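Reviewing the structure listed below.
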Amino acid sequence: MIKPTKDKEKVNKKLVHSLAKNDLKAKFAGSYLGIVWAFVQPIITIIVYWFVFQKVLNAPSQATKEGIEAPYVLWLSAGLIPWFYFSEALSSGTNCLIEYNYLVKKVVFNVSVLPVVKVLSSLFTHVVLVAFMVLLYILYGLFPGVIILQLVYYTFCIFCLALAFAYTTSAIVVFFRDMQQMINVLLQVFIWVTPIMWNMSAMAKNLSSRVLFLLKLNPMYYVVRGYRDTMIGGTFVWEHIPSTLYFWGVTIGIFLIGKTVFKRLRPHFADVL
């Protein structure tokens, strides 16, 4: 009784990995540089933001809550790179059922793996961008050391959070196509309130305690702070137990809601698509 279940799990894992690899290749099929474009755009974005904020607007070195300072480009990349992963995973995950409608219509296919495929596909790009970020820190002589292994944990946090949201949004967008545009707009707003481009610690004196509290309710704030704590602050994850419990409580809650919505709407996917 146990062996067939294990065999089925192995097949599902192989299917997910295969679909994720093919999905990444399909995005840039036909272009000369192919998959290289997946990394060029985010790297160019970091360079543009660095030039505008540090060179044009003279943004100073940024200090963490612990008082450790780092060049703006390092502080910025530690916030943008996890955000790139989350935004790409959520955006593509939202559209997964529409994009793979031919698989949704197959009775024997387990459509619940499609959001996982999209989030996993985005992870490949994220790993390369993290390597780029680490190289930047090495060039500036600020390699954080062994604590860098924490990035595996925080990447897992993004994976779970994006997947939790994707189950809800991917199910709703089948019936309400404007959901995709709404997600894109919200991502543009939340890149500023997470915050990515500005330092909440430096602005704390100018913001009321209520505003700070509301900003910290954003689960991506926990992840972005985690990346910066790892790369700059040297702060371990267990030093933020309350925030960690809050993050996983919210993520699990969103995931349970997403799975429930997905399960209830699933019988109608094939009819609408």
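We name chains A, B, ... following the order of the structure tokens; residues begin at 1 in each chain, and ligands are numbered from 1 as shown.
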Q.
Can you pull out the residues contacting range 150-156 of chain A? Cut-off 8 Å, using only C-alpha atoms, and skip same-chain residues under 6 positions away; I want them as a ChimeraX atom specification.
A. /A:82,223,226-227,230,236-237
Could you save the residues just selected, with C-alpha atoms, as a PDB file, in the first residue's frame?
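The result, written out as selection_29.pdb:
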```
ATOM      1  CA  PRO A  82      14.635  38.644  -3.141  1.00  0.00           C
ATOM      2  CA  VAL A 223      12.407  38.331   4.067  1.00  0.00           C
ATOM      3  CA  GLY A 226      16.563  38.794   6.533  1.00  0.00           C
ATOM      4  CA  TYR A 227      18.627  39.120   3.365  1.00  0.00           C
ATOM      5  CA  THR A 230      22.557  38.130   6.518  1.00  0.00           C
ATOM      6  CA  PHE A 236      20.999  35.253  12.745  1.00  0.00           C
ATOM      7  CA  VAL A 237      17.409  34.201  12.115  1.00  0.00           C
TER       8      VAL A 237
END
```
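Excluding Ile98 in chain A itself and same-chain residues fewer than 5 positions from it, the residues having an atom within 12 Å of it are A:Ser92, A:Gly93, A:Leu103, A:Val104, A:Lys105, A:Val111, A:Leu114, A:Pro115, A:Thr169, A:Ser170, A:Ala171, A:Ile172, A:Val173, A:Val174, A:Phe175, A:Phe176, A:Arg177, A:Gln180, A:Phe269, A:Ala270, A:Val272, A:Leu273, counting only C-alpha atoms.
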Q: Would you mind writing down, as a PyMOL selection string, each residue of range 3-248 of chain A that DSSP on the backbone assigns to alpha helix (DSSP H)?
A: chain A and resi 3-27+37-50+72-94+96-99+101-104+114-139+150-173+178-193+200-203+209-216+219-228+241-248
Q: Would you list the contacts of Met200 in chain A as JSON, numbers by chain, taking every protein, DNA or RNA residue within 10 Å and counting only C-alpha atoms, but skipping same-chain residues closer than 6 positions in sequence?
A: {"A": [64, 65, 193, 194, 206, 207, 212, 215, 216, 225]}
Deliver the residues from the most recent selection as a file, using N, CA and C atoms, as a PDB file, in the first residue's frame.
```pdb
ATOM      1  N   THR A  64      22.470  49.560   8.874  1.00  0.00           N
ATOM      2  CA  THR A  64      21.471  48.637   9.396  1.00  0.00           C
ATOM      3  C   THR A  64      21.072  49.093  10.791  1.00  0.00           C
ATOM      4  N   LYS A  65      20.105  48.393  11.359  1.00  0.00           N
ATOM      5  CA  LYS A  65      19.657  48.725  12.706  1.00  0.00           C
ATOM      6  C   LYS A  65      20.797  48.570  13.707  1.00  0.00           C
ATOM      7  N   VAL A 193       6.649  49.998  -0.387  1.00  0.00           N
ATOM      8  CA  VAL A 193       6.247  49.918   1.023  1.00  0.00           C
ATOM      9  C   VAL A 193       6.853  48.708   1.734  1.00  0.00           C
ATOM     10  N   THR A 194       7.676  47.925   1.024  1.00  0.00           N
ATOM     11  CA  THR A 194       8.239  46.733   1.689  1.00  0.00           C
ATOM     12  C   THR A 194       9.242  47.042   2.804  1.00  0.00           C
ATOM     13  N   ASN A 206      11.054  59.759  11.267  1.00  0.00           N
ATOM     14  CA  ASN A 206      10.098  60.563  10.505  1.00  0.00           C
ATOM     15  C   ASN A 206       8.743  59.881  10.321  1.00  0.00           C
ATOM     16  N   LEU A 207       8.630  58.650  10.802  1.00  0.00           N
ATOM     17  CA  LEU A 207       7.393  57.896  10.645  1.00  0.00           C
ATOM     18  C   LEU A 207       6.773  57.614  12.010  1.00  0.00           C
ATOM     19  N   LEU A 212       4.933  52.525  11.058  1.00  0.00           N
ATOM     20  CA  LEU A 212       5.989  51.510  11.113  1.00  0.00           C
ATOM     21  C   LEU A 212       5.411  50.135  11.382  1.00  0.00           C
ATOM     22  N   LEU A 215       3.723  48.836   8.193  1.00  0.00           N
ATOM     23  CA  LEU A 215       4.705  48.447   7.182  1.00  0.00           C
ATOM     24  C   LEU A 215       5.331  47.091   7.507  1.00  0.00           C
ATOM     25  N   LYS A 216       5.540  46.844   8.785  1.00  0.00           N
ATOM     26  CA  LYS A 216       6.178  45.588   9.195  1.00  0.00           C
ATOM     27  C   LYS A 216       5.225  44.392   9.133  1.00  0.00           C
ATOM     28  N   ARG A 225      14.443  42.072   5.110  1.00  0.00           N
ATOM     29  CA  ARG A 225      15.293  42.368   6.270  1.00  0.00           C
ATOM     30  C   ARG A 225      16.234  41.200   6.539  1.00  0.00           C
TER      31      ARG A 225
END
```
Residues of range 90-121 of chain A at most 12 Å from range 126-147 of chain A: nearest atom pair and distance in Å, only C-alpha atoms, as JSON lines:
```
{"residue": "A:Val119", "atom": "CA", "partner": "A:His126", "partner_atom": "CA", "distance": 10.5}
{"residue": "A:Leu120", "atom": "CA", "partner": "A:His126", "partner_atom": "CA", "distance": 9.8}
{"residue": "A:Ser121", "atom": "CA", "partner": "A:His126", "partner_atom": "CA", "distance": 9.3}
```
Using the selection just defined, write its residues with N, CA and C atoms as a PDB file, in the first residue's frame.
```pdb
ATOM      1  N   VAL A 119       6.723  28.740  -9.585  1.00  0.00           N
ATOM      2  CA  VAL A 119       7.551  29.270  -8.492  1.00  0.00           C
ATOM      3  C   VAL A 119       8.943  28.643  -8.537  1.00  0.00           C
ATOM      4  N   LEU A 120       8.999  27.354  -8.880  1.00  0.00           N
ATOM      5  CA  LEU A 120      10.284  26.665  -8.987  1.00  0.00           C
ATOM      6  C   LEU A 120      11.070  27.156 -10.192  1.00  0.00           C
ATOM      7  N   SER A 121      10.381  27.426 -11.293  1.00  0.00           N
ATOM      8  CA  SER A 121      11.035  27.945 -12.496  1.00  0.00           C
ATOM      9  C   SER A 121      11.714  29.286 -12.209  1.00  0.00           C
TER      10      SER A 121
END
```
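Among the candidate residues A:Pro219, A:Val116, A:Arg266, A:Asp229, the one lying nearest to Thr244 in chain A is A:Pro219, with distances computed using only C-alpha atoms.
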